[in-house]
Structure formats: C-alpha cells, structure tokens
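Data block for data.cif (mmCIF, C-alpha atoms (C1' of nucleotides)):
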data_upload
loop_
_atom_site.label_atom_id
_atom_site.label_comp_id
_atom_site.auth_asym_id
_atom_site.auth_seq_id
_atom_site.Cartn_x
_atom_site.Cartn_y
_atom_site.Cartn_z
CA MET H 245 0.00 0.00 0.00
CA PRO H 246 1.34 3.40 -0.94
CA ARG H 247 2.57 5.69 1.79
CA ILE H 248 -0.42 7.90 1.05
CA PHE H 249 1.14 10.65 -0.92
CA VAL H 250 -0.16 11.27 -4.36
CA ARG H 251 0.66 14.46 -6.16
CA MET H 252 -0.52 15.90 -9.38
CA LEU H 253 3.05 16.91 -10.19
CA SER H 254 6.29 15.19 -9.20
CA LYS H 255 8.48 16.74 -6.52
CA THR H 256 10.97 17.50 -9.26
CA CYS H 257 8.34 19.45 -11.07
CA GLU H 258 7.09 21.23 -7.98
CA TYR H 259 10.60 22.37 -7.09
CA GLY H 260 11.23 23.31 -10.70
CA LEU H 261 8.20 25.58 -10.83
CA ARG H 262 8.93 27.18 -7.48
CA ALA H 263 12.55 27.73 -8.50
CA MET H 264 11.64 29.32 -11.81
CA ILE H 265 9.18 31.66 -10.14
CA PHE H 266 11.80 32.52 -7.52
CA ILE H 267 14.48 33.15 -10.13
CA ALA H 268 12.13 35.38 -12.08
CA GLN H 269 11.61 37.46 -8.98
CA HIS H 270 15.29 37.69 -8.05
CA SER H 271 16.97 38.14 -11.40
CA ARG H 272 15.62 41.47 -12.52
CA ASP H 273 17.83 44.31 -13.80
CA GLY H 274 20.53 41.88 -14.96
CA LYS H 275 20.98 40.43 -11.50
CA ARG H 276 21.65 36.74 -10.86
CA ILE H 277 20.68 34.51 -8.03
CA GLY H 278 22.79 31.67 -6.61
CA ILE H 279 21.71 28.10 -6.15
CA SER H 280 21.98 28.15 -2.36
CA GLN H 281 19.72 31.18 -2.13
CA ILE H 282 17.25 29.54 -4.47
CA ALA H 283 17.22 26.38 -2.37
CA GLU H 284 16.70 28.42 0.77
CA GLY H 285 14.10 30.59 -0.86
CA ILE H 286 11.89 27.80 -2.08
CA ASP H 287 12.65 25.36 0.71
CA SER H 288 14.17 22.55 -1.33
CA PRO H 289 17.32 20.40 -1.15
CA GLU H 290 20.14 22.39 -2.71
CA HIS H 291 21.74 19.70 -4.83
CA PHE H 292 18.43 18.40 -5.95
CA ILE H 293 17.20 21.70 -7.27
CA ALA H 294 20.63 22.19 -8.85
CA LYS H 295 20.09 19.06 -10.93
CA ILE H 296 16.66 20.19 -11.93
CA LEU H 297 17.92 23.57 -13.05
CA GLN H 298 20.64 21.84 -15.06
CA VAL H 299 17.94 20.04 -17.02
CA LEU H 300 16.07 23.27 -17.60
CA GLY H 301 19.34 25.00 -18.45
CA ARG H 302 20.22 22.48 -21.14
CA LYS H 303 16.85 23.10 -22.71
CA GLY H 304 17.42 26.82 -22.70
CA ILE H 305 14.57 27.49 -20.30
CA VAL H 306 16.78 29.03 -17.63
CA GLN H 307 20.09 30.86 -18.02
CA SER H 308 23.17 30.57 -15.83
CA ILE H 309 26.70 31.84 -15.53
CA LYS H 310 29.52 30.30 -13.54
CA GLY H 311 32.06 32.03 -11.34
CA PRO H 312 31.99 35.14 -9.17
CA ASN H 313 28.78 37.10 -9.60
CA GLY H 314 27.43 34.15 -11.46
CA GLY H 315 24.13 32.43 -10.84
CA PHE H 316 20.81 31.84 -12.48
CA TYR H 317 18.62 34.28 -14.32
CA LEU H 318 15.87 34.43 -16.90
CA ASP H 319 15.99 36.06 -20.29
CA GLU H 320 12.94 37.61 -21.92
CA LYS H 321 11.85 34.25 -23.31
CA GLY H 322 12.23 32.63 -19.89
CA ARG H 323 9.92 35.17 -18.28
CA LYS H 324 7.28 34.50 -20.86
CA CYS H 325 7.67 30.75 -20.48
CA SER H 326 4.47 28.97 -19.46
CA LEU H 327 4.20 26.62 -16.53
CA ALA H 328 3.27 23.94 -19.05
CA THR H 329 6.66 24.26 -20.72
CA ILE H 330 8.37 23.56 -17.42
CA VAL H 331 6.07 20.66 -16.57
CA ARG H 332 6.71 19.12 -19.97
CA ALA H 333 10.44 19.58 -19.62
CA LEU H 334 10.52 17.86 -16.24
CA ASP H 335 7.59 15.43 -16.11
CA GLY H 336 6.93 14.85 -19.78
CA ASP H 337 3.43 15.19 -21.09
CA ASP H 338 1.82 12.05 -19.73
CA LEU H 339 -0.09 14.28 -17.37
CA PHE H 340 -1.81 15.82 -20.35
CA ASN H 341 -2.16 12.68 -22.43
CA GLY H 342 -2.16 9.56 -20.32
CA CYS H 343 -5.20 7.47 -19.52
CA GLY H 344 -6.80 8.10 -16.13
CA ILE H 345 -6.65 4.48 -15.11
CA GLY H 346 -3.44 3.58 -16.86
CA LEU H 347 -4.44 1.89 -20.08
CA ARG H 348 -2.00 2.43 -22.89
CA GLN H 349 -4.49 2.03 -25.70
CA CYS H 350 -7.14 4.19 -24.15
CA SER H 351 -8.61 6.34 -26.91
CA PRO H 352 -11.94 7.58 -28.18
CA VAL H 353 -12.49 4.37 -30.14
CA HIS H 354 -11.15 2.20 -27.34
CA PRO H 355 -12.22 4.17 -24.33
CA CYS H 356 -11.58 3.16 -20.76
CA PRO H 357 -14.58 3.58 -18.45
CA ILE H 358 -13.72 7.07 -17.35
CA HIS H 359 -12.12 8.26 -20.54
CA ASP H 360 -14.34 11.21 -21.25
CA GLU H 361 -14.41 12.52 -17.73
CA PHE H 362 -10.65 12.46 -17.43
CA LYS H 363 -10.19 14.01 -20.82
CA LYS H 364 -12.00 17.13 -19.71
CA ILE H 365 -9.91 17.43 -16.57
CA ARG H 366 -6.69 16.97 -18.48
CA GLU H 367 -7.63 19.67 -20.93
CA ASP H 368 -8.38 22.03 -18.06
CA ILE H 369 -5.03 21.33 -16.48
CA GLU H 370 -3.25 21.90 -19.74
CA THR H 371 -5.14 25.12 -20.38
CA MET H 372 -4.32 26.38 -16.92
CA LEU H 373 -0.61 25.56 -17.22
CA GLU H 374 -0.35 26.93 -20.75
CA GLY H 375 -2.02 30.13 -19.66
CA ALA H 376 0.16 30.92 -16.67
CA ARG H 377 3.52 32.55 -17.39
CA ILE H 378 6.48 32.54 -15.04
CA GLY H 379 6.83 36.32 -15.11
CA GLU H 380 3.24 36.85 -13.98
CA PHE H 381 3.95 35.91 -10.41
CA THR H 382 6.72 38.41 -9.76
CA GLU H 383 4.51 41.35 -8.98
CA LYS H 384 2.24 39.51 -6.61
CA LEU H 385 5.23 38.08 -4.79
CA ASP H 386 6.67 41.58 -4.38
CA GLU H 387 3.43 42.75 -2.86
CA GLY H 388 3.43 39.90 -0.38
CA LEU H 389 0.23 38.49 -1.82
CA LEU H 390 1.85 35.18 -2.69
CA PHE H 391 4.28 32.85 -0.97
CA LEU H 392 6.75 30.29 -2.24
CA LYS H 393 7.53 28.82 1.15
CA ARG H 394 6.27 28.94 4.71
CA ASN H 395 7.07 31.95 7.01
CA MET Q 190 15.50 13.57 -13.59
CA PRO Q 191 12.35 11.49 -13.39
CA ARG Q 192 11.97 8.66 -15.85
CA ILE Q 193 9.14 10.65 -17.41
CA PHE Q 194 6.15 8.95 -15.94
CA VAL Q 195 3.76 11.06 -14.01
CA ARG Q 196 0.27 9.86 -13.29
CA MET Q 197 -2.71 11.53 -11.77
CA LEU Q 198 -3.38 8.36 -9.77
CA SER Q 199 -0.89 5.82 -8.45
CA LYS Q 200 -0.57 2.44 -10.15
CA THR Q 201 -2.11 0.95 -7.03
CA CYS Q 202 -5.13 3.15 -7.49
CA GLU Q 203 -5.40 2.52 -11.21
CA TYR Q 204 -5.35 -1.22 -10.69
CA GLY Q 205 -7.79 -0.89 -7.82
CA LEU Q 206 -10.31 1.00 -9.93
CA ARG Q 207 -9.98 -1.37 -12.87
CA ALA Q 208 -10.34 -4.37 -10.57
CA MET Q 209 -13.44 -3.02 -8.86
CA ILE Q 210 -15.08 -2.29 -12.20
CA PHE Q 211 -14.13 -5.77 -13.41
CA ILE Q 212 -15.46 -7.43 -10.27
CA ALA Q 213 -18.72 -5.53 -10.59
CA GLN Q 214 -19.11 -6.87 -14.09
CA HIS Q 215 -18.25 -10.48 -13.20
CA SER Q 216 -19.95 -10.93 -9.87
CA ARG Q 217 -23.59 -10.56 -10.78
CA ASP Q 218 -26.25 -13.08 -9.74
CA GLY Q 219 -24.30 -14.16 -6.68
CA LYS Q 220 -21.28 -15.21 -8.71
CA ARG Q 221 -17.71 -14.69 -7.61
CA ILE Q 222 -14.59 -14.01 -9.57
CA GLY Q 223 -11.11 -15.29 -8.74
CA ILE Q 224 -7.98 -13.23 -8.33
CA SER Q 225 -6.17 -14.80 -11.28
CA GLN Q 226 -9.07 -14.00 -13.59
CA ILE Q 227 -9.18 -10.47 -12.26
CA ALA Q 228 -5.46 -10.04 -12.85
CA GLU Q 229 -5.81 -11.41 -16.37
CA GLY Q 230 -8.92 -9.36 -17.05
CA ILE Q 231 -7.45 -6.01 -16.10
CA ASP Q 232 -3.89 -6.75 -17.12
CA SER Q 233 -2.19 -6.36 -13.76
CA PRO Q 234 0.28 -8.39 -11.68
CA GLU Q 235 -1.70 -11.01 -9.80
CA HIS Q 236 -0.13 -10.72 -6.36
CA PHE Q 237 -0.07 -6.99 -6.55
CA ILE Q 238 -3.76 -6.64 -7.23
CA ALA Q 239 -4.36 -9.25 -4.53
CA LYS Q 240 -2.74 -6.96 -1.98
CA ILE Q 241 -4.76 -4.04 -3.17
CA LEU Q 242 -8.00 -5.97 -2.87
CA GLN Q 243 -7.02 -7.00 0.63
CA VAL Q 244 -6.84 -3.35 1.58
CA LEU Q 245 -10.21 -2.67 0.03
CA GLY Q 246 -11.58 -5.82 1.64
CA ARG Q 247 -10.51 -4.77 5.14
CA LYS Q 248 -12.36 -1.52 4.60
CA GLY Q 249 -15.48 -3.37 3.52
CA ILE Q 250 -15.38 -1.96 0.01
CA VAL Q 251 -15.08 -5.34 -1.66
CA GLN Q 252 -16.27 -8.75 -0.44
CA SER Q 253 -14.47 -12.07 -0.68
CA ILE Q 254 -14.82 -15.72 0.28
CA LYS Q 255 -12.05 -18.29 0.51
CA GLY Q 256 -12.07 -21.85 -0.71
CA PRO Q 257 -13.68 -23.64 -3.63
CA ASN Q 258 -16.16 -21.45 -5.45
CA GLY Q 259 -14.75 -18.56 -3.50
CA GLY Q 260 -13.56 -15.31 -4.94
CA PHE Q 261 -14.37 -11.64 -4.95
CA TYR Q 262 -17.72 -9.97 -5.35
CA LEU Q 263 -19.54 -6.76 -4.61
CA ASP Q 264 -22.55 -6.27 -2.40
CA GLU Q 265 -25.16 -3.62 -3.06
CA LYS Q 266 -23.12 -1.00 -1.25
CA GLY Q 267 -20.04 -1.93 -3.26
CA ARG Q 268 -21.85 -1.39 -6.52
CA LYS Q 269 -22.92 2.06 -5.44
CA CYS Q 270 -19.45 2.91 -4.22
CA SER Q 271 -17.97 5.97 -5.92
CA LEU Q 272 -14.59 6.05 -7.59
CA ALA Q 273 -13.64 8.70 -5.04
CA THR Q 274 -14.13 6.22 -2.21
CA ILE Q 275 -11.66 3.85 -3.82
CA VAL Q 276 -9.16 6.58 -4.57
CA ARG Q 277 -9.33 7.77 -0.97
CA ALA Q 278 -8.93 4.23 0.35
CA LEU Q 279 -5.82 3.63 -1.75
CA ASP Q 280 -4.16 6.97 -2.36
CA GLY Q 281 -5.52 9.03 0.51
CA ASP Q 282 -7.00 12.42 -0.24
CA ASP Q 283 -3.93 14.49 -0.96
CA LEU Q 284 -5.04 14.51 -4.55
CA PHE Q 285 -8.07 16.51 -3.52
CA ASN Q 286 -6.39 18.68 -0.90
CA GLY Q 287 -2.68 19.10 -1.50
CA CYS Q 288 -1.05 22.22 -2.87
CA GLY Q 289 -0.27 22.17 -6.58
CA ILE Q 290 3.37 23.00 -6.08
CA GLY Q 291 3.85 21.16 -2.82
CA LEU Q 292 3.64 23.78 -0.12
CA ARG Q 293 2.26 22.49 3.13
CA GLN Q 294 0.86 25.77 4.35
CA CYS Q 295 -0.71 26.73 1.10
CA SER Q 296 -4.12 28.19 1.86
CA PRO Q 297 -6.38 31.05 0.86
CA VAL Q 298 -4.64 33.42 3.29
CA HIS Q 299 -1.21 32.05 2.41
CA PRO Q 300 -1.67 31.20 -1.22
CA CYS Q 301 0.98 29.76 -3.47
CA PRO Q 302 1.19 31.38 -6.88
CA ILE Q 303 -1.17 28.97 -8.59
CA HIS Q 304 -3.40 28.25 -5.64
CA ASP Q 305 -6.69 29.33 -7.13
CA GLU Q 306 -6.20 27.67 -10.47
CA PHE Q 307 -5.33 24.35 -8.89
CA LYS Q 308 -8.18 24.57 -6.49
CA LYS Q 309 -10.67 24.63 -9.31
CA ILE Q 310 -9.08 21.60 -10.99
CA ARG Q 311 -9.05 19.64 -7.76
CA GLU Q 312 -12.68 20.34 -7.16
CA ASP Q 313 -13.50 19.15 -10.66
CA ILE Q 314 -11.57 15.93 -10.11
CA GLU Q 315 -13.30 15.32 -6.84
CA THR Q 316 -16.71 16.02 -8.34
CA MET Q 317 -16.02 13.64 -11.18
CA LEU Q 318 -14.82 10.84 -8.93
CA GLU Q 319 -17.63 11.34 -6.45
CA GLY Q 320 -20.16 11.26 -9.22
CA ALA Q 321 -19.05 8.06 -10.91
CA ARG Q 322 -20.22 4.80 -9.31
CA ILE Q 323 -18.59 1.42 -9.83
CA GLY Q 324 -21.83 -0.21 -10.95
CA GLU Q 325 -22.34 2.31 -13.72
CA PHE Q 326 -19.74 0.81 -15.95
CA THR Q 327 -21.10 -2.71 -16.08
CA GLU Q 328 -23.64 -2.13 -18.81
CA LYS Q 329 -21.30 -0.30 -21.13
CA LEU Q 330 -18.69 -3.01 -20.67
CA ASP Q 331 -21.26 -5.66 -21.58
CA GLU Q 332 -22.09 -3.78 -24.74
CA GLY Q 333 -18.46 -3.62 -25.74
CA LEU Q 334 -18.46 0.14 -25.56
CA LEU Q 335 -15.78 0.23 -22.91
CA PHE Q 336 -12.52 -1.61 -22.34
CA LEU Q 337 -10.51 -2.41 -19.25
CA LYS Q 338 -7.48 -3.68 -21.11
CA ARG Q 339 -6.12 -3.83 -24.63
CA ASN Q 340 -7.62 -6.32 -27.14
"C1'" DA Y 104 -11.52 -36.11 8.62
"C1'" DT Y 105 -8.89 -35.23 4.47
"C1'" DA Y 106 -7.84 -33.19 0.19
"C1'" DA Y 107 -8.45 -29.47 -2.76
"C1'" DT Y 108 -9.27 -24.74 -3.55
"C1'" DA Y 109 -8.71 -19.90 -3.06
"C1'" DA Y 110 -7.93 -15.73 -0.46
"C1'" DA Y 111 -4.87 -13.58 3.37
"C1'" DA Y 112 -0.64 -12.57 4.97
"C1'" DG Y 113 4.26 -12.05 5.26
"C1'" DA Y 114 8.85 -11.66 3.43
"C1'" DC Y 115 11.52 -10.18 -0.04
"C1'" DA Y 116 13.16 -8.04 -4.70
"C1'" DA Y 117 13.33 -4.60 -8.29
"C1'" DA Y 118 12.55 -0.18 -10.07
"C1'" DA Y 119 11.77 4.61 -9.74
"C1'" DA Y 120 11.90 8.93 -7.36
"C1'" DT Y 121 14.14 11.74 -4.18
"C1'" DG Y 122 18.07 13.37 -1.78
"C1'" DT Y 123 23.31 13.91 -0.66
"C1'" DC Y 124 28.18 14.26 -1.41
"C1'" DT Y 125 32.42 14.89 -4.18
"C1'" DT Y 126 34.89 16.23 -8.19
"C1'" DT Y 127 35.21 18.93 -12.39
"C1'" DT Y 128 34.69 22.90 -15.31
"C1'" DA Y 129 34.16 27.71 -16.33
"C1'" DA Y 130 34.31 32.51 -15.12
"C1'" DT Y 131 36.08 36.49 -12.50
"C1'" DC Y 132 39.20 39.10 -9.78
"C1'" DG Y 133 43.43 40.26 -7.77
"C1'" DC I 138 49.06 33.85 -13.96
"C1'" DG I 139 46.90 31.87 -9.54
"C1'" DA I 140 43.19 31.97 -6.27
"C1'" DT I 141 38.44 32.17 -5.65
"C1'" DT I 142 33.75 31.67 -6.82
"C1'" DA I 143 29.83 29.22 -8.50
"C1'" DA I 144 27.55 26.14 -11.63
"C1'" DA I 145 27.95 21.36 -14.02
"C1'" DA I 146 28.55 16.77 -13.67
"C1'" DG I 147 29.06 12.30 -11.70
"C1'" DA I 148 28.65 8.89 -8.16
"C1'" DC I 149 26.17 7.20 -4.63
"C1'" DA I 150 22.48 6.70 -0.77
"C1'" DT I 151 17.74 6.60 0.83
"C1'" DT I 152 12.95 6.25 0.40
"C1'" DT I 153 8.84 5.05 -1.91
"C1'" DT I 154 6.42 2.51 -5.17
"C1'" DT I 155 5.75 -1.45 -7.65
"C1'" DG I 156 6.14 -6.29 -8.29
"C1'" DT I 157 7.12 -11.41 -6.89
"C1'" DC I 158 7.32 -15.51 -4.20
"C1'" DT I 159 6.16 -18.48 -0.24
"C1'" DT I 160 3.48 -19.77 3.66
"C1'" DT I 161 -0.79 -19.62 6.24
"C1'" DT I 162 -5.70 -19.61 6.95
"C1'" DA I 163 -10.42 -20.42 5.78
"C1'" DT I 164 -13.90 -22.81 3.07
"C1'" DT I 165 -15.86 -26.52 0.38
"C1'" DA I 166 -16.44 -31.12 -1.31
"C1'" DT I 167 -15.54 -35.90 -1.02
#
The structure given in the file should be rewritten as structure tokens.
Amino acid sequence: MPRIFVRMLSKTCEYGLRAMIFIAQHSRDGKRIGISQIAEGIDSPEHFIAKILQVLGRKGIVQSIKGPNGGFYLDEKGRKCSLATIVRALDGDDLFNGCGIGLRQCSPVHPCPIHDEFKKIREDIETMLEGARIGEFTEKLDEGLLFLKRN
Amino acid sequence: MPRIFVRMLSKTCEYGLRAMIFIAQHSRDGKRIGISQIAEGIDSPEHFIAKILQVLGRKGIVQSIKGPNGGFYLDEKGRKCSLATIVRALDGDDLFNGCGIGLRQCSPVHPCPIHDEFKKIREDIETMLEGARIGEFTEKLDEGLLFLKRN
DNA sequence: ATAATAAAAGACAAAAATGTCTTTTAATCG
DNA sequence: CGATTAAAAGACATTTTTGTCTTTTATTAT
C-alpha cells in the first residue's frame, strides 16, 4: 500500500516551478541569483534543485553563468515561459495525455470507463498551465500576496 | 530527472479501480470471480492486485470468500461505491487537498502562486470521482463500448 | 476427517523517485 | 598567472512505489 502521498506533479516538477518563479523574482535588472539562495528561498534540497535547473538549463529554459557574480537568471523568453513548458520539460506530457486508469491504448475508439471525464480534466489542467507565465507571479510576490515557502 | 512517468493516480489506485469495475461486471447473480481472472482481465500483476483488494476488503469496500467457489464480489453498497471512495482508500486524499506545487501551508490566506487555479481543478476531479459509481460501468462493458485492457 | 481450492498474509526483490556528497569545469578578480 | 567563486557533472544513498514468491488460513467437497 502506498505511503499515502499522491501528487498531481512530481516533486521534481514542484521544485522546478517554485525555483523558476523565484528566479524570475530575483533576477531582474541583470541580477543573478545563486543556487543556495534559491534552495533556501523555495525550501528545497540544494543539490536536488541544482540538478533540476541543469535540465532546464540544457533546454534553454533558464540561463546561468559560472564564477563570481554568477548564478541563475531568466531572459525575456524565460519570463514568458508557461508553466506547461516547465512541466513538460521535467515530467513529460503524460499528465496531459495519459489514460486516467493507466491503459496504454485508451482512446476515443477504445475508451476506458472514465475516458471522457478524465479528458476534460486533463484539458483544463493543460489550459491552466499553458495560460500561466512565469513572469506573472513576480509582482504579486513583491506585494506579499503570494508565498513560495512557509514563514 | 524522473523517468518521465507522471500519473494523476498511483498504479495501485489505477489497478484498484480497474479491478473493482471488473469485479462488478463479473460478480452478478451471486457469482464470484477469482484473483487470477481479475489479474488477467485487467492486465495487472496477480499478487499486486491481490494486496490491493485485501486493503479494500478490510475496509469493507469489496467482499471475498475463501475456498472452492470462493472469490471476490460486490454487495449492493459496493456497486454504489464511488470512484472517489476507492481513490481515498488507496491513495488518501492528498489529490483533492494538496497544494499544486507542494507547499504544506498553502491556503487562501497564504496562497501559493497557482493556488486558485489548482483549487478549481481539484474540485472538478473530486466532483467527477464522487459522481461516478462502480456499478455504472457494467452495462457499457457488456455492450463492448468500454474496455478495461487492450484487445 | 482429508484433500483441494482460493484468499490472506508475510517476506523479499526490483525499479523509480528523491536526496546527498564529491569532483570537475568555467568565469572572474586580484 | 593563480586563487576564488559558482555552476555542471558524476557517483552514490535513501525512500517510496511497484512487483514477486512463499506460507498460512479459511472454506468446500468428497
């Protein structure tokens, strides 16, 4: 029996989203933000989020520079990046496509019992994640209307 | 990096739902259905689904009898049981309650950046799973309009 | 009662996800 | 240049989930 902990997104993905939102907030005006501050700021294991950002970095979703005054930052494209892009990069797109009860061949002509119901939900999730852009959250965070970690 | 395999429900839960739907279909008129037929019928590992049904059995969600002519079956209550009941029994209710990006203290007064959007999705999932009853699928399965496994 | 059947239970194994530590590479500054 | 800084990469450890195998218990039929 599972340890009772189901999530819509993987931990990797959760950390990835929080980190991207955090970086967006802290890398304005050409500034960069270091990995240890990111980890502290979003309450995640430092080396774990480092790995995640490496994946996003290789895909050009986040920018980074090594050495003194180095760190992570977002370019214009990164700020406009949708949450869906990040989810896809980290969790793949099974969340948007997969069958609700795990059948590979589930399709309109070969529907599983809850095919149609799940389809609607999946579309809503995709729409929501496609619609939300990383840069959007910066302002609300500044105003203290949103929180990325406890305290 | 995750092996790219995110699901809305755990495997345990997927198998559990498929098994319950299968049992509903094959335990009419006082009949019972054996674990090996269930495993074959829903395309799952036999001993794994056995464990899952034990959990559901202890909670009174599915019935079983040992020995010759024994097997699993559903009583009236079982047939009326919602998918949500099964999901809760196997995966807990984090799916309905948890924060989208994994913050424990996420709440209306302490919202994470995508709190409101996720809330709506969660409610829709819950509504869908509460609304669908195990017994509902039997007829469509009989008519060959639904499938629990490939072929 | 005994044998056969079938689920329950327990122990263990494999795979995947998550988390940690160390070494390497690249950039900057003195 | 050499020293320092910080990310990248690689190796490894832990936990959770998923899957398998064996033994036990309960029921039925002979």
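Among the candidates I:DT155, I:DT160, I:DT167, I:DT141, the one nearest to chain Q when counting only C-alpha atoms (C1' of nucleotides) is I:DT155.
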Let me make sure I understand: if you superpose chain H onto chain Q using all C-alpha atoms paired in order, what RMSD in Å results?
0.1 Å
If the cut-off is 9 Å, can you tell me the residues of chain H near chain I, counting only C-alpha atoms (C1' of nucleotides)? I'd like them as a PyMOL selection string.
chain H and resi 245-247+278-279+294-295+298+308-316
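Nearest-residue note for chain Q: choosing from Y:DA104, Y:DC132, Y:DA120, Y:DC115, the minimum distance belongs to Y:DA120, counting all atoms listed in the file.
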Contact residues (chain Y, partner chain H, 8 Å, only C-alpha atoms (C1' of nucleotides)) as a PyMOL selection string
chain Y and resi 121-123+129-131
What's the 8 Å shell around Phe326 (chain Q), counting all atoms listed in the file, without same-chain residues fewer than 2 positions away, as a PDB file with C-alpha atoms, keeping the file's coordinate frame?
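File produced: around.pdb:
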ATOM      1  CA  PRO H 357     -14.580   3.580 -18.450  1.00  0.00           C
TER       2      PRO H 357
ATOM      3  CA  ILE Q 210     -15.080  -2.290 -12.200  1.00  0.00           C
ATOM      4  CA  GLN Q 214     -19.110  -6.870 -14.090  1.00  0.00           C
ATOM      5  CA  ARG Q 322     -20.220   4.800  -9.310  1.00  0.00           C
ATOM      6  CA  ILE Q 323     -18.590   1.420  -9.830  1.00  0.00           C
ATOM      7  CA  GLY Q 324     -21.830  -0.210 -10.950  1.00  0.00           C
ATOM      8  CA  GLU Q 328     -23.640  -2.130 -18.810  1.00  0.00           C
ATOM      9  CA  LYS Q 329     -21.300  -0.300 -21.130  1.00  0.00           C
ATOM     10  CA  LEU Q 330     -18.690  -3.010 -20.670  1.00  0.00           C
TER      11      LEU Q 330
END
When you count all atoms listed in the file, which of these residues is closest to chain H: Q:Asp264, Q:Asp305, Q:Asp283, Q:Glu229?
Q:Asp283
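Of the residues under consideration (Q:Ser271, Q:Gly320, Q:Cys301, Q:Glu315), Q:Cys301 shows the shortest atom-to-atom contact distance to chain H when counting all atoms listed in the file.
Atom to atom, C1' of DT125 (chain Y) and CA of Arg276 (chain H) stand 25.3 Å apart.
Note that CA of His359 (chain H) and CA of His215 (chain Q) are 21.0 Å apart.
You will find CA of His299 (chain Q) at 7.8 Å from CA of Leu389 (chain H).
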Return the single residue from H:Cys350, H:Thr382, H:Ile330, H:Ile345 that is closest to chain Q, with distances computed using all atoms listed in the file.
H:Ile345
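In this comparison, which uses all atoms listed in the file, the residue of H:Arg262, H:Lys321, H:Lys363, H:Arg302 approaching chain Q most closely is H:Arg262.
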Using all atoms listed in the file, determine which residues lie at most 8 Å from Gly260 (chain H), disregarding the query and same-chain residues fewer than 3 positions distant; provide the list as an NGL selection string.
:H and (256-257 or 263-264 or 293 or 296-297 or 330 or 334)
Can you list, as a ChimeraX atom specification, every protein, DNA or RNA residue that comes within 10 Å of Gly230 (chain Q) when you count only C-alpha atoms (C1' of nucleotides), leaving out same-chain residues fewer than 4 positions away?
/Q:207-208,211-212,224-226,337-339
Generate the missing atoms of region 324-340 of chain Q up to N, CA, C and O atoms and report them as a short mmCIF file (atom, residue, chain, number, x, y, z; two decimals), in the coordinates of the input.
data_model
loop_
_atom_site.label_atom_id
_atom_site.label_comp_id
_atom_site.auth_asym_id
_atom_site.auth_seq_id
_atom_site.Cartn_x
_atom_site.Cartn_y
_atom_site.Cartn_z
N GLY Q 324 -20.82 0.55 -10.22
CA GLY Q 324 -21.83 -0.21 -10.95
C GLY Q 324 -22.21 0.35 -12.31
O GLY Q 324 -22.69 -0.36 -13.18
N GLU Q 325 -21.97 1.64 -12.47
CA GLU Q 325 -22.34 2.31 -13.72
C GLU Q 325 -21.69 1.74 -14.97
O GLU Q 325 -22.24 1.83 -16.07
N PHE Q 326 -20.52 1.20 -14.79
CA PHE Q 326 -19.74 0.81 -15.95
C PHE Q 326 -20.12 -0.55 -16.53
O PHE Q 326 -19.80 -0.87 -17.66
N THR Q 327 -20.79 -1.34 -15.70
CA THR Q 327 -21.10 -2.71 -16.08
C THR Q 327 -21.80 -2.81 -17.43
O THR Q 327 -21.39 -3.59 -18.31
N GLU Q 328 -22.85 -2.03 -17.58
CA GLU Q 328 -23.64 -2.13 -18.81
C GLU Q 328 -22.83 -1.80 -20.07
O GLU Q 328 -22.84 -2.53 -21.04
N LYS Q 329 -22.10 -0.70 -19.97
CA LYS Q 329 -21.30 -0.30 -21.13
C LYS Q 329 -20.23 -1.33 -21.47
O LYS Q 329 -19.91 -1.57 -22.64
N LEU Q 330 -19.68 -1.96 -20.43
CA LEU Q 330 -18.69 -3.01 -20.67
C LEU Q 330 -19.34 -4.17 -21.41
O LEU Q 330 -18.79 -4.71 -22.37
N ASP Q 331 -20.52 -4.57 -20.94
CA ASP Q 331 -21.26 -5.66 -21.58
C ASP Q 331 -21.47 -5.39 -23.07
O ASP Q 331 -21.34 -6.27 -23.91
N GLU Q 332 -21.80 -4.15 -23.36
CA GLU Q 332 -22.09 -3.78 -24.74
C GLU Q 332 -20.84 -3.60 -25.60
O GLU Q 332 -20.93 -3.26 -26.77
N GLY Q 333 -19.70 -3.78 -24.97
CA GLY Q 333 -18.46 -3.62 -25.74
C GLY Q 333 -18.16 -2.18 -26.08
O GLY Q 333 -17.43 -1.89 -27.02
N LEU Q 334 -18.72 -1.27 -25.30
CA LEU Q 334 -18.46 0.14 -25.56
C LEU Q 334 -17.30 0.66 -24.72
O LEU Q 334 -16.82 1.77 -24.91
N LEU Q 335 -16.87 -0.16 -23.79
CA LEU Q 335 -15.78 0.23 -22.91
C LEU Q 335 -14.79 -0.91 -22.80
O LEU Q 335 -15.14 -2.07 -23.00
N PHE Q 336 -13.55 -0.59 -22.44
CA PHE Q 336 -12.52 -1.61 -22.34
C PHE Q 336 -11.67 -1.40 -21.11
O PHE Q 336 -11.29 -0.29 -20.80
N LEU Q 337 -11.36 -2.49 -20.44
CA LEU Q 337 -10.51 -2.41 -19.25
C LEU Q 337 -9.07 -2.77 -19.56
O LEU Q 337 -8.18 -2.55 -18.76
N LYS Q 338 -8.85 -3.39 -20.70
CA LYS Q 338 -7.48 -3.68 -21.11
C LYS Q 338 -7.43 -3.70 -22.62
O LYS Q 338 -8.47 -3.68 -23.28
N ARG Q 339 -6.26 -3.77 -23.17
CA ARG Q 339 -6.12 -3.83 -24.63
C ARG Q 339 -6.73 -5.14 -25.12
O ARG Q 339 -6.93 -6.07 -24.36
N ASN Q 340 -7.01 -5.23 -26.36
CA ASN Q 340 -7.62 -6.32 -27.14
C ASN Q 340 -9.11 -6.45 -26.92
O ASN Q 340 -9.69 -5.88 -26.02
#
